[in-house]
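See structure below.
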There are 4 protein chains.
Amino acid sequence: MTTLIQNGRIVTAADEYTADVLIDGETIKTIGHKLPTAGVDKVIDASGQLVIPGAIDPHVHMELPFGGTVSSDDFFHGTRAAAVGGTTSIIDFAIQYKGKTFKETLDDWHRRADPNCAIDYGFHLGVTEYEPRHTAEFAEVVAHGVPTFKLFLAYPGVFMVDDRTMFRVMQSAGKAGGLTLIHAENGVVIQEMIENLVAAGKLEPKYHAQSRPPVTEVDGAARAIRVAELAGAPVFIVHVSTAGAAEEIKRARERGLPAFGETCTQYLFFDDSKYDQPNFEGAKYVFTPPLRPKENIEPLWEALRLGYLQEVSTDHCPFHFKGQKELGRESFTKIPNGGPGVEDRLAVVYQGAVVEHGFSLSQWVNLTSTASAKMFGMFPKKGTIAVGSDADIVLFDPKKSQVRSAKTHTSK
Amino acid sequence: MTTLIQNGRIVTAADEYTADVLIDGETIKTIGHKLPTAGVDKVIDASGQLVIPGAIDPHVHMELPFGGTVSSDDFFHGTRAAAVGGTTSIIDFAIQYKGKTFKETLDDWHRRADPNCAIDYGFHLGVTEYEPRHTAEFAEVVAHGVPTFKLFLAYPGVFMVDDRTMFRVMQSAGKAGGLTLIHAENGVVIQEMIENLVAAGKLEPKYHAQSRPPVTEVDGAARAIRVAELAGAPVFIVHVSTAGAAEEIKRARERGLPAFGETCTQYLFFDDSKYDQPNFEGAKYVFTPPLRPKENIEPLWEALRLGYLQEVSTDHCPFHFKGQKELGRESFTKIPNGGPGVEDRLAVVYQGAVVEHGFSLSQWVNLTSTASAKMFGMFPKKGTIAVGSDADIVLFDPKKSQVRSAKTHTSK
Amino acid sequence: MTTLIQNGRIVTAADEYTADVLIDGETIKTIGHKLPTAGVDKVIDASGQLVIPGAIDPHVHMELPFGGTVSSDDFFHGTRAAAVGGTTSIIDFAIQYKGKTFKETLDDWHRRADPNCAIDYGFHLGVTEYEPRHTAEFAEVVAHGVPTFKLFLAYPGVFMVDDRTMFRVMQSAGKAGGLTLIHAENGVVIQEMIENLVAAGKLEPKYHAQSRPPVTEVDGAARAIRVAELAGAPVFIVHVSTAGAAEEIKRARERGLPAFGETCTQYLFFDDSKYDQPNFEGAKYVFTPPLRPKENIEPLWEALRLGYLQEVSTDHCPFHFKGQKELGRESFTKIPNGGPGVEDRLAVVYQGAVVEHGFSLSQWVNLTSTASAKMFGMFPKKGTIAVGSDADIVLFDPKKSQVRSAKTHTSK
Amino acid sequence: MTTLIQNGRIVTAADEYTADVLIDGETIKTIGHKLPTAGVDKVIDASGQLVIPGAIDPHVHMELPFGGTVSSDDFFHGTRAAAVGGTTSIIDFAIQYKGKTFKETLDDWHRRADPNCAIDYGFHLGVTEYEPRHTAEFAEVVAHGVPTFKLFLAYPGVFMVDDRTMFRVMQSAGKAGGLTLIHAENGVVIQEMIENLVAAGKLEPKYHAQSRPPVTEVDGAARAIRVAELAGAPVFIVHVSTAGAAEEIKRARERGLPAFGETCTQYLFFDDSKYDQPNFEGAKYVFTPPLRPKENIEPLWEALRLGYLQEVSTDHCPFHFKGQKELGRESFTKIPNGGPGVEDRLAVVYQGAVVEHGFSLSQWVNLTSTASAKMFGMFPKKGTIAVGSDADIVLFDPKKSQVRSAKTHTSK
């Protein structure tokens with residue numbers, strides 16, 4: 001089957017021009033002026049539209065078991081929500097249970113995802129333990145298309161790894177040509193602070209943020225960067241929420257180190273005043289890292305503008321208010337950590353970056369698609385509109401205004 | 001006439017893929033897989049070649065009157081040398097003589113260039129005085145396609161402007177949507193240092209470098225950036241040769257200011273040990289700014305890598321050794337300032353950036369073409385390979401090794 | 001004559017202890033526990049008092065001709081006001097009129113000061129032109145006890161020097177073992193901004209501040225530091241009022257350069273909201289540099305705490321509201337620039353540094369006395385309480401609270 | 001008994017002047033010009049000598065059990081060696097064995113020191129575990145004159161504490177008005193690197209340095225500073241050996257945090273080329289942190305000059321080559337870690353700081369005495385020459401040249 005998209009304004013990470021795009025099957029075959037329509041199965045008029053590479057959200061958690069419940073978007077609904085919002089690829093996290101091999105871990109998560117996904121998807125491999133038997137598996141999983149390994153420096157006793165495991169994984173991942181992703185916090189000190197808050201009877205949602213101050217993230221990021229330097233391997237800090245952690249990545253890059261990072265939509269638009277809302281409303285914003293003091297927001301935009309942070313993801317991991325967030329009515333420690341984002345990301349980053357911060361359309365495409373494709377091994381199949389690339393194409397109307405809400409969301 | 005370039009590896013500032021390019025007249029019409037050859041006038045097989053946007057050298061001086069002589073490449077030979085080296089557009093400088101309007105200045109330079117150029121070309125307008133009558137001309141020349149104004153903070157009594165003129169030009173250029181380019185040095189202190197050296201009988205070529213230490217450039221760059229901040233206008237520092245000046249641009253950008261800059265090939269490959277050569281050989285490297293101590297080189301590459309400097313030009317302004325450079329046998333102050341570069345730039349930046357510093361092919365294309373096209377108002381006609389763009393296309397064979405020398409040069 | 005100060009708490013830049021101080025004539029003779037009172041002419045009980053070295057204000061302008069009038073404190077009243085406030089030494093500025101030698105300049109100012117001063121005093125030499133005949137004078141005036149030369153980068157046509165003169169003075173002063181003090185602004189751009197404001201009918205006092213934005217000071221400071229680097233000489237930036245200029249000094253010091261600076265009391269306590277007052281009240285705060293946006297204040301304290309700025313002076317140069325400040329009713333350009341400070345400085349720095357910012361008593365003594373003594377060649381005669389030092393001693397009661405006002409001031 | 005030191009040049013952290021010092025018993029009673037000799041028990045002529053406060057070495061380990069042996073200087077010999085070198089006070093470390101209270105720990109170490117010391121001494125309390133029973137002890141030991149607590153982030157399984165213990169100790173020490181000292185390394189990654197080196201048969205002394213690269217120290221320092229920030233407490237990094245760790249302290253101080261640090265003599269004079277010596281000679285330089293690449297040395301001097309590091313100690317902890325260092329012939333992991341220093345420190349810091357780096361005499365006195373007295377709670381009894389201070393006085397002849405060697409050392 002062939003499809004012709006006519007007269008759209010094509011925007012890639014470098015270019016912006018008007019042309020027609022001819023798709024053959026799932027691949028872009030030809031780009032040109034006034035391409036012939038004869039014999040084409042389907043013709044779409046994209047006049048006035050931006051024709052952009054499908055967005056890639058490299059940080060989502062569909063149906064993630066967490067805190068005794070499961071994140072509310074399963075692969076079926078979550079990927080449909082993504083598609084509605086212009087995201088044509090996601091990368092989720094297959095997290096190793098203790099005792100499992102990497103392969104068993106990936107098989108387990110593929111079992112849930114494979115029959116249900118509406119869009120392309122992949123996994124980062126969340127590593128929680130490193131035994132000799134895992135050494136060989138690094139090269140294997142990279143060869144099978146999973147070049148990215150995720151470590152948690154938070155959640156002691158659950159996902160957290162110590163510096164020795166971090167060093168080993170970085171070294172092995174680096175040797176295999178892979179990249180280590182870090183959830184950067186000082187989980188040990190946070191645990192102590194949580195216990196102190198609980199002991200003091202400070203249990204409302206806002207204490208979630210107080211138990212993990214900005215410095216805990218800066219510490220995790222800086223430590224991960226230095227352990228990566230010792231391991232001679234690249235490192236990528238996920239969901240950067242503080243000016244301080246962005247600054248650590250900047251310093252590392254200025255020293256020539258392969259350090260990278262992302263921020264998420266929530267940290268670019270909201271600040272920690274949300275936790276002051278009454279009636280347990282703050283629980284809606286209980287995710288990790290938490291929202292930060294307002295002065296962190298502009299430096300994050302600045303880090304995107306100057307290229308210290310490479311992309312914007314969502315850490316999509318929603319929980320229903322009723323029945324899920326409410327598990328933490330008695331104590332913030334029981335509120336499932338997470339919030340939504342995958343459905344709205346492309347549009348809100350357009351609003352924030354292009355409309356409010358003067359980013360170019362190419363920068364927007366880069367932040368939402370191209371950079372992730374390049375960083376996580378999908379380029380040039382994904383992340384651009386070029387001959388030979390996958391026909392993951394979004395028509396985006398920049399003049400259209402929308403109100404989005406729980407009612408209109410495809411996401412559960 | 002139509003031309004088809006088949007099977008090349010297309011590289012743009014964002015993309016890299018294999019496809020055919022169909023050119024109709026002077027414009028890229030279609031990009032696709034296995035485009036039909038029927039009816040095409042000319043078919044070129046580009047297998048194994050990189051198909052890249054024609055290089056743009058935004059800083060050249062053809063037949064420039066300087067120091068009682070004229071730079072040795074006229075528009076005829078200089079543009080042919082450029083073409084041989086893969087450069088399909090240049091921007092030269094039309095420099096205002098005192099008393100002249102902007103229009104008269106541009107007319108004057110066009111008269112010399114128009115009949116002789118082998119490639120596309122444009123002018124930056126070098127402003128040396130600012131009277132009330134010039135105010136209106138800024139909008140005019142921008143409207144006529146010259147959006148860039150060049151000021152010299154060096155050469156007192158010849159081209160140098162004071163801070164007041166700089167402030168006025170920046171303000172007027174900024175209002176007109178233009179950009180001010182700065183030759184950044186502290187010309188006043190340099191003049192004093194020159195006089196002191198001459199008085200001390202220090203006349204060999206190496207004293208050219210000693211008369212303009214790195215700090216003089218840092219000072220000019222920092223001052224220009226701050227006057228631009230006061231004027232509320234963007235600024236672009238030309239031929240950055242020192243780590244310090246690059247650092248000033250970096251600091252400005254981190255503060256959110258629209259500050260930009262370039263370096264030139266000579267500063268990326270040579271250091272000031274060249275001036276130690278005997279027999280007046282050092283005169284070949286007498287250009288301004290001079291070559292710098294070695295420790296400046298890697299920071300300049302780093303600035304390109306991190307994006308503080310946007311492109312690499314040449315400041316092409318050659319003089320023959322015999323008859324021209326020799327004018328300064330008695331004193332370095334009489335050596336015509338300048339050196340060649342336009343013919344070799346694309347290849348040497350490939351060598352330095354891609355081969356030696358691990359830049360991607362896309363970064364190389366950006367540094368030599370795309371960034372200049374965007375910075376100086378030629379994008380997307382120039383600077384990319386996209387449907388609708390000018391068919392300024394270079395086939396570059398990355399496996400080919402060449403020895404270049406005065407004998408093989410097209411440049412005079 | 002001998003005087004014994006008993007039981008005071010002696011504070012120097014390093015020490016803090018309780019002891020008696022015996023003064024013989026004008027010199028400290030002995031410090032000890034329970035020194036004998038027999039034969040002592042005068043015994044002072046300093047129990048509960050801080051016994052500190054007399055404050056030194058290294059930046060005052062008594063009876064300075066400026067803008068067609070003369071600063072309202074002459075040497076007689078000004079030095080008595082200083083003494084009342086605990087300041088036992090001042091350094092004023094003898095400013096060269098064009099055509100005068102350094103010696104003539106100093107003689108001229110001594111004529112006015114010598115018969116009138118109640119305390120010790122000295123002069124910085126304000127240089128406004130540099131002709132060959134001045135070269136020899138540098139060593140002479142240093143030998144005669146004036147090691148400090150002041151240059152203005154502001155007030156074009158009056159005091160301003162260009163970069164060449166600055167370079168020459170720094171070089172000559174440096175060779176003579178002297179220090180160059182810089183009034184750091186970009187006077188040329190300021191002149192243009194003043195003219196633009198006047199042309200636009202913006203004439204109220206607040207436009208004084210708008211005509212010299214913070215960046216103009218940063219520019220002057222950075223330029224002076226770099227010209228000093230080229231001249232191989234030390235440099236001292238006077239009346240630093242912006243975080244940016246303090247930062248430039250910091251950067252220079254981190255590079256190992258002998259760069260120094262001071263701030264003044266007014267910049268540590270007031271911000272530019274003062275100019276918003278109605279009824280020409282803002283004129284009271286018209287001095288140069290002007291008051292700055294609030295965010296500059298804490299960084300100035302920080303610079304003092306970390307030692308980037310070495311001392312706090314006043315730039316004491318008062319003008320009466322009636323008859324003097326009022327000269328500028330029609331235009332801010334006619335308001336005499338200056339304000340008072342010498343009488344209150346020691347106490348207000350105590351309040352700001354010790355009480356509000358947690359500085360130690362030793363730091364306070366250093367900022368108000370010792371650092372200036374060391375910087376400007378008066379140590380250890382001045383600036384400490386040590387055997388052999390001048391008996392310039394202040395008893396300061398830290399528990400006493402005072403209201404000071406125009407009514408109580410000794411200053412005119 | 002009374003002693004009179006005549007005509008010496010008294011140098012303190014702020015002052016420099018010539019006077020006589022009268023000592024009564026162990027206390028300075030009077031400082032003055034030409035003090036009477038009548039009735040004085042002992043008169044010392046200090047003409048031509050610097051009269052300085054006795055040096056304080058705040059970081060020594062006498063008879064420390066380590067690696068199956070004991071550091072070779074016991075309190076008897078070590079303190080005599082100190083005295084010979086002009087050091088009149090030391091602070092050693094009483095290190096808690098698991099299961100012991102703070103009081104038991106201090107009693108244990110006092111038992112060994114009390115009968116043997118030739119000079120004044122004190123202890124930092126090395127904390128290795130934190131149980132509820134320790135909480136109350138913090139205030140107690142501070143009240144009893146031990147305000148400083150030391151933690152190791154190295155030596156896992158022996159002294160190392162985790163971030164939770166570090167957080168708790170800092171918080172408790174801070175509340176008690178105490179200060180936490182940190183041995184800053186990433187002990188966990190180092191352990192892994194050691195095991196990898198051993199597994200690879202890399203056993204010579206030089207691998208000691210390779211097993212703990214500079215970044216491991218930077219990481220420890222940065223982490224400690226951030227945990228201290230979270231705990232709201234001051235922190236002091238001991239034996240800083242890298243430019244990177246000094247930079248972390250600088251950054252913290254610029255953010256207004258109470259972060260401090262010292263370096264040691266060995267890191268100011270030697271670099272890691274010492275490990276290249278043949279015949280197990282490198283073992284003499286096996287201490288922790290190890291010697292560093294040469295480019296770290298000047299930044300450490302710079303940090304002392306700018307005040308980011310406050311003092312220079314020795315970490316004196318010598319082991320005999322025969323019988324002790326030789327324990328590690330088979331593997332660097334068995335070499336007892338440590339080297340000497342207490343006897344030579346005052347003189348070598350004079351050489352390095354005053355002679356080679358142009359520090360003032362006052363800065364030298366501050367680095368070797370005053371700063372430690374202030375930092376560790378001994379000022380003004382120690383650290384200055386002032387009335388009422390302990391008569392810990394050193395006569396230092398700046399013109400004398402000495403060759404020191406194993407033969408001349410008092411140290412064992």
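As shown in the structure tokens, the chain order sets the letters A, B, ...; within each chain, residues go from 1, and ligands are also counted from 1 in the order they appear.
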>> Taking 4 positions as the minimum chain separation for residues in the same chain, which residues sit within 9 Å of region 146-157 of chain B when counting only C-alpha atoms? Answer as a ChimeraX atom specification.
In response: /B:93,95,122-128,138-142,161-163,166,169-170,173,176-188,190-191,220,224,376-377
Generate a file of the selected residues that holds N, CA and C atoms, formatted as a CSV table (one decimal), in the first residue's frame.
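Ended up saving to part19.csv:
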```
chain,number,residue,atom,x,y,z
B,93,PHE,N,33.3,40.7,2.4
B,93,PHE,CA,33.0,41.9,3.2
B,93,PHE,C,33.1,43.2,2.3
B,95,ILE,N,33.4,46.9,2.6
B,95,ILE,CA,33.8,47.7,3.7
B,95,ILE,C,33.7,49.2,3.3
B,122,GLY,N,27.8,36.6,-1.4
B,122,GLY,CA,27.1,37.7,-0.7
B,122,GLY,C,28.1,38.6,0.0
B,123,PHE,N,27.6,39.6,0.7
B,123,PHE,CA,28.5,40.5,1.4
B,123,PHE,C,28.0,40.8,2.8
B,124,HIS,N,28.9,40.8,3.8
B,124,HIS,CA,28.7,41.5,5.0
B,124,HIS,C,29.0,42.9,4.8
B,125,LEU,N,28.3,43.8,5.4
B,125,LEU,CA,28.7,45.2,5.2
B,125,LEU,C,29.6,45.7,6.4
B,126,GLY,N,30.8,46.1,6.0
B,126,GLY,CA,31.7,46.6,7.0
B,126,GLY,C,31.5,48.0,7.3
B,127,VAL,N,31.0,48.4,8.5
B,127,VAL,CA,30.7,49.8,8.8
B,127,VAL,C,31.9,50.4,9.5
B,128,THR,N,32.3,51.6,9.1
B,128,THR,CA,33.4,52.2,9.7
B,128,THR,C,33.0,53.6,10.3
B,138,PHE,N,20.0,51.0,7.4
B,138,PHE,CA,20.0,49.6,8.0
B,138,PHE,C,18.9,48.8,7.5
B,139,ALA,N,17.7,49.3,7.7
B,139,ALA,CA,16.5,48.5,7.3
B,139,ALA,C,16.6,48.2,5.8
B,140,GLU,N,17.0,49.2,5.0
B,140,GLU,CA,17.1,49.0,3.6
B,140,GLU,C,18.0,47.9,3.2
B,141,VAL,N,19.2,47.9,3.7
B,141,VAL,CA,20.2,46.9,3.2
B,141,VAL,C,19.7,45.5,3.8
B,142,VAL,N,19.1,45.4,4.9
B,142,VAL,CA,18.6,44.2,5.4
B,142,VAL,C,17.5,43.7,4.4
B,161,VAL,N,36.3,51.2,15.0
B,161,VAL,CA,35.2,52.1,15.6
B,161,VAL,C,35.3,52.1,17.1
B,162,ASP,N,34.8,53.2,17.7
B,162,ASP,CA,34.7,53.2,19.1
B,162,ASP,C,33.5,52.6,19.7
B,163,ASP,N,33.4,52.6,21.0
B,163,ASP,CA,32.2,51.9,21.6
B,163,ASP,C,30.9,52.5,21.3
B,166,MET,N,29.9,51.4,17.9
B,166,MET,CA,29.5,50.0,18.1
B,166,MET,C,28.1,49.9,18.7
B,169,VAL,N,25.5,51.0,16.0
B,169,VAL,CA,25.4,50.0,14.9
B,169,VAL,C,24.6,48.8,15.4
B,170,MET,N,25.0,48.3,16.6
B,170,MET,CA,24.3,47.1,17.1
B,170,MET,C,22.8,47.4,17.3
B,173,ALA,N,21.2,47.8,13.8
B,173,ALA,CA,21.2,46.5,13.1
B,173,ALA,C,20.2,45.6,13.8
B,176,ALA,N,16.7,46.4,12.9
B,176,ALA,CA,16.4,46.0,11.5
B,176,ALA,C,16.4,44.5,11.3
B,177,GLY,N,16.6,43.7,12.4
B,177,GLY,CA,16.6,42.3,12.3
B,177,GLY,C,17.9,41.7,11.8
B,178,GLY,N,18.9,42.6,11.8
B,178,GLY,CA,20.2,42.2,11.4
B,178,GLY,C,21.1,41.7,12.5
B,179,LEU,N,22.3,41.4,12.2
B,179,LEU,CA,23.3,40.8,13.1
B,179,LEU,C,24.6,41.6,13.0
B,180,THR,N,25.2,41.9,14.1
B,180,THR,CA,26.5,42.6,14.0
B,180,THR,C,27.7,41.6,14.2
B,181,LEU,N,28.6,41.6,13.3
B,181,LEU,CA,29.8,40.8,13.4
B,181,LEU,C,31.0,41.7,13.9
B,182,ILE,N,31.7,41.1,14.8
B,182,ILE,CA,32.8,41.9,15.4
B,182,ILE,C,34.2,41.2,15.2
B,183,HIS,N,35.1,42.0,14.7
B,183,HIS,CA,36.5,41.7,14.8
B,183,HIS,C,36.9,42.2,16.2
B,184,ALA,N,37.2,41.2,17.0
B,184,ALA,CA,37.3,41.5,18.5
B,184,ALA,C,38.8,41.6,18.9
B,185,GLU,N,39.3,42.8,19.1
B,185,GLU,CA,40.6,43.0,19.7
B,185,GLU,C,40.5,44.3,20.4
B,186,ASN,N,41.5,44.5,21.3
B,186,ASN,CA,41.6,45.9,21.9
B,186,ASN,C,42.7,46.6,21.1
B,187,GLY,N,42.2,47.3,20.0
B,187,GLY,CA,43.1,47.9,19.0
B,187,GLY,C,43.9,49.0,19.6
B,188,VAL,N,43.4,49.7,20.6
B,188,VAL,CA,44.1,50.8,21.2
B,188,VAL,C,45.4,50.3,22.0
B,190,ILE,N,46.8,47.4,21.6
B,190,ILE,CA,47.7,46.8,20.6
B,190,ILE,C,48.5,47.9,19.9
B,191,GLN,N,47.9,49.0,19.6
B,191,GLN,CA,48.7,50.1,18.9
B,191,GLN,C,49.9,50.5,19.8
B,220,GLY,N,38.3,42.3,23.5
B,220,GLY,CA,37.4,42.8,22.5
B,220,GLY,C,36.1,42.0,22.5
B,224,ALA,N,32.5,43.6,23.3
B,224,ALA,CA,31.4,43.6,22.2
B,224,ALA,C,30.2,42.9,22.7
B,376,PHE,N,23.3,33.3,8.7
B,376,PHE,CA,23.5,34.5,7.8
B,376,PHE,C,22.3,34.6,6.8
B,377,GLY,N,21.2,33.9,7.1
B,377,GLY,CA,20.0,34.2,6.3
B,377,GLY,C,19.9,33.5,5.0
```
Give me the residues within 12 Å of Ala406 (chain C) as an mmCIF file with N, CA and C atoms, in the first residue's frame, counting only C-alpha atoms and dropping any in the same chain fewer than 6 places off.
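After the write, selection.cif holds the following:
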```cif
data_model
loop_
_atom_site.group_PDB
_atom_site.id
_atom_site.type_symbol
_atom_site.label_atom_id
_atom_site.label_comp_id
_atom_site.auth_asym_id
_atom_site.auth_seq_id
_atom_site.Cartn_x
_atom_site.Cartn_y
_atom_site.Cartn_z
ATOM 1 N N ALA C 81 33.858 64.554 61.237
ATOM 2 C CA ALA C 81 32.776 63.569 61.132
ATOM 3 C C ALA C 81 33.352 62.155 61.146
ATOM 4 N N PRO C 318 29.416 64.130 49.887
ATOM 5 C CA PRO C 318 28.040 64.593 50.087
ATOM 6 C C PRO C 318 27.775 65.936 49.412
ATOM 7 N N HIS C 320 24.548 69.001 49.664
ATOM 8 C CA HIS C 320 23.289 69.395 50.281
ATOM 9 C C HIS C 320 22.144 69.189 49.303
ATOM 10 N N PHE C 321 21.003 68.829 49.852
ATOM 11 C CA PHE C 321 19.822 68.723 48.992
ATOM 12 C C PHE C 321 19.495 70.106 48.452
ATOM 13 N N PRO C 340 26.885 60.886 51.355
ATOM 14 C CA PRO C 340 27.741 60.826 52.551
ATOM 15 C C PRO C 340 28.023 59.387 52.967
ATOM 16 N N GLY C 341 28.759 59.222 54.062
ATOM 17 C CA GLY C 341 29.032 57.874 54.563
ATOM 18 C C GLY C 341 30.110 57.776 55.615
ATOM 19 N N GLU C 343 30.926 59.107 58.303
ATOM 20 C CA GLU C 343 30.636 59.185 59.740
ATOM 21 C C GLU C 343 30.007 57.889 60.271
ATOM 22 N N ASP C 344 29.257 57.211 59.406
ATOM 23 C CA ASP C 344 28.475 56.067 59.876
ATOM 24 C C ASP C 344 29.059 54.706 59.521
ATOM 25 N N LYS C 412 28.693 68.086 57.570
ATOM 26 C CA LYS C 412 27.828 69.203 57.182
ATOM 27 C C LYS C 412 26.640 68.720 56.348
#
```
How close does each residue of chain A get to chain B, giving the shortest atom pair and distance in Å to one decimal for every residue with an atom at most 7 Å away, counting only C-alpha atoms, sorted by chain and residue number, as JSON lines?
```
{"residue": "A:Ala13", "atom": "CA", "partner": "B:Ala14", "partner_atom": "CA", "distance": 5.8}
{"residue": "A:Ala14", "atom": "CA", "partner": "B:Ala14", "partner_atom": "CA", "distance": 5.2}
{"residue": "A:Ala19", "atom": "CA", "partner": "B:Val387", "partner_atom": "CA", "distance": 6.5}
{"residue": "A:Lys29", "atom": "CA", "partner": "B:Gly32", "partner_atom": "CA", "distance": 5.6}
{"residue": "A:Thr30", "atom": "CA", "partner": "B:Gly32", "partner_atom": "CA", "distance": 3.9}
{"residue": "A:Ile31", "atom": "CA", "partner": "B:Ile31", "partner_atom": "CA", "distance": 5.1}
{"residue": "A:Gly32", "atom": "CA", "partner": "B:Thr30", "partner_atom": "CA", "distance": 3.9}
{"residue": "A:His33", "atom": "CA", "partner": "B:Lys29", "partner_atom": "CA", "distance": 5.7}
{"residue": "A:Val387", "atom": "CA", "partner": "B:Gly32", "partner_atom": "CA", "distance": 5.7}
```
Would you write out those residues with N, CA, C and O atoms, as an mmCIF file, in the first residue's frame?
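Below you can see again_2.cif, which holds the result:
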```
data_model
loop_
_atom_site.group_PDB
_atom_site.id
_atom_site.type_symbol
_atom_site.label_atom_id
_atom_site.label_comp_id
_atom_site.auth_asym_id
_atom_site.auth_seq_id
_atom_site.Cartn_x
_atom_site.Cartn_y
_atom_site.Cartn_z
ATOM 1 N N ALA A 13 14.966 17.606 12.500
ATOM 2 C CA ALA A 13 15.856 18.245 13.473
ATOM 3 C C ALA A 13 16.751 19.288 12.830
ATOM 4 O O ALA A 13 17.322 20.136 13.510
ATOM 5 N N ALA A 14 16.884 19.247 11.491
ATOM 6 C CA ALA A 14 17.692 20.274 10.833
ATOM 7 C C ALA A 14 16.918 21.103 9.832
ATOM 8 O O ALA A 14 17.228 22.264 9.618
ATOM 9 N N ALA A 19 7.021 20.016 0.987
ATOM 10 C CA ALA A 19 7.163 18.989 -0.050
ATOM 11 C C ALA A 19 6.135 17.888 0.191
ATOM 12 O O ALA A 19 5.408 17.894 1.190
ATOM 13 N N LYS A 29 9.435 6.455 0.897
ATOM 14 C CA LYS A 29 10.073 6.061 -0.361
ATOM 15 C C LYS A 29 10.612 7.266 -1.123
ATOM 16 O O LYS A 29 11.721 7.250 -1.647
ATOM 17 N N THR A 30 9.845 8.336 -1.161
ATOM 18 C CA THR A 30 10.235 9.487 -1.970
ATOM 19 C C THR A 30 9.756 10.769 -1.298
ATOM 20 O O THR A 30 8.675 10.799 -0.707
ATOM 21 N N ILE A 31 10.598 11.803 -1.413
ATOM 22 C CA ILE A 31 10.163 13.142 -0.989
ATOM 23 C C ILE A 31 10.398 14.063 -2.175
ATOM 24 O O ILE A 31 11.469 14.033 -2.793
ATOM 25 N N GLY A 32 9.391 14.837 -2.509
ATOM 26 C CA GLY A 32 9.597 15.673 -3.694
ATOM 27 C C GLY A 32 8.529 16.724 -3.856
ATOM 28 O O GLY A 32 7.561 16.779 -3.085
ATOM 29 N N HIS A 33 8.738 17.547 -4.842
ATOM 30 C CA HIS A 33 7.740 18.562 -5.183
ATOM 31 C C HIS A 33 6.756 17.973 -6.168
ATOM 32 O O HIS A 33 7.145 17.403 -7.178
ATOM 33 N N VAL A 387 14.210 9.605 3.290
ATOM 34 C CA VAL A 387 13.971 8.438 2.436
ATOM 35 C C VAL A 387 14.608 7.216 3.085
ATOM 36 O O VAL A 387 15.768 7.250 3.478
#
```
> Any idea what's packed within 6 Å of Ala233 (chain D), counting only C-alpha atoms, ignoring anything in its chain fewer than 2 positions away? Could you give it as a list in words?
Replying inline: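 Skipping anything fewer than 2 positions along the chain leaves Met170, Gly174, Ala228 and Ala231 of chain D.
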With N, CA, C and O atoms kept, could you save the residues just selected as a PDB file, in the first residue's frame?
```pdb
ATOM      1  N   MET D 170      26.689  13.604  61.190  1.00  0.00           N
ATOM      2  CA  MET D 170      26.743  15.033  60.871  1.00  0.00           C
ATOM      3  C   MET D 170      25.633  15.792  61.586  1.00  0.00           C
ATOM      4  O   MET D 170      25.853  16.872  62.138  1.00  0.00           O
ATOM      5  N   GLY D 174      26.537  18.318  64.400  1.00  0.00           N
ATOM      6  CA  GLY D 174      26.136  19.702  64.139  1.00  0.00           C
ATOM      7  C   GLY D 174      25.295  20.271  65.266  1.00  0.00           C
ATOM      8  O   GLY D 174      25.524  21.396  65.720  1.00  0.00           O
ATOM      9  N   ALA D 228      26.210  16.650  54.196  1.00  0.00           N
ATOM     10  CA  ALA D 228      26.274  17.670  55.249  1.00  0.00           C
ATOM     11  C   ALA D 228      25.233  18.755  55.005  1.00  0.00           C
ATOM     12  O   ALA D 228      24.593  19.250  55.944  1.00  0.00           O
ATOM     13  N   ALA D 231      22.058  17.436  56.109  1.00  0.00           N
ATOM     14  CA  ALA D 231      22.025  17.341  57.576  1.00  0.00           C
ATOM     15  C   ALA D 231      22.063  18.707  58.247  1.00  0.00           C
ATOM     16  O   ALA D 231      21.935  18.810  59.459  1.00  0.00           O
TER      17      ALA D 231
END
```
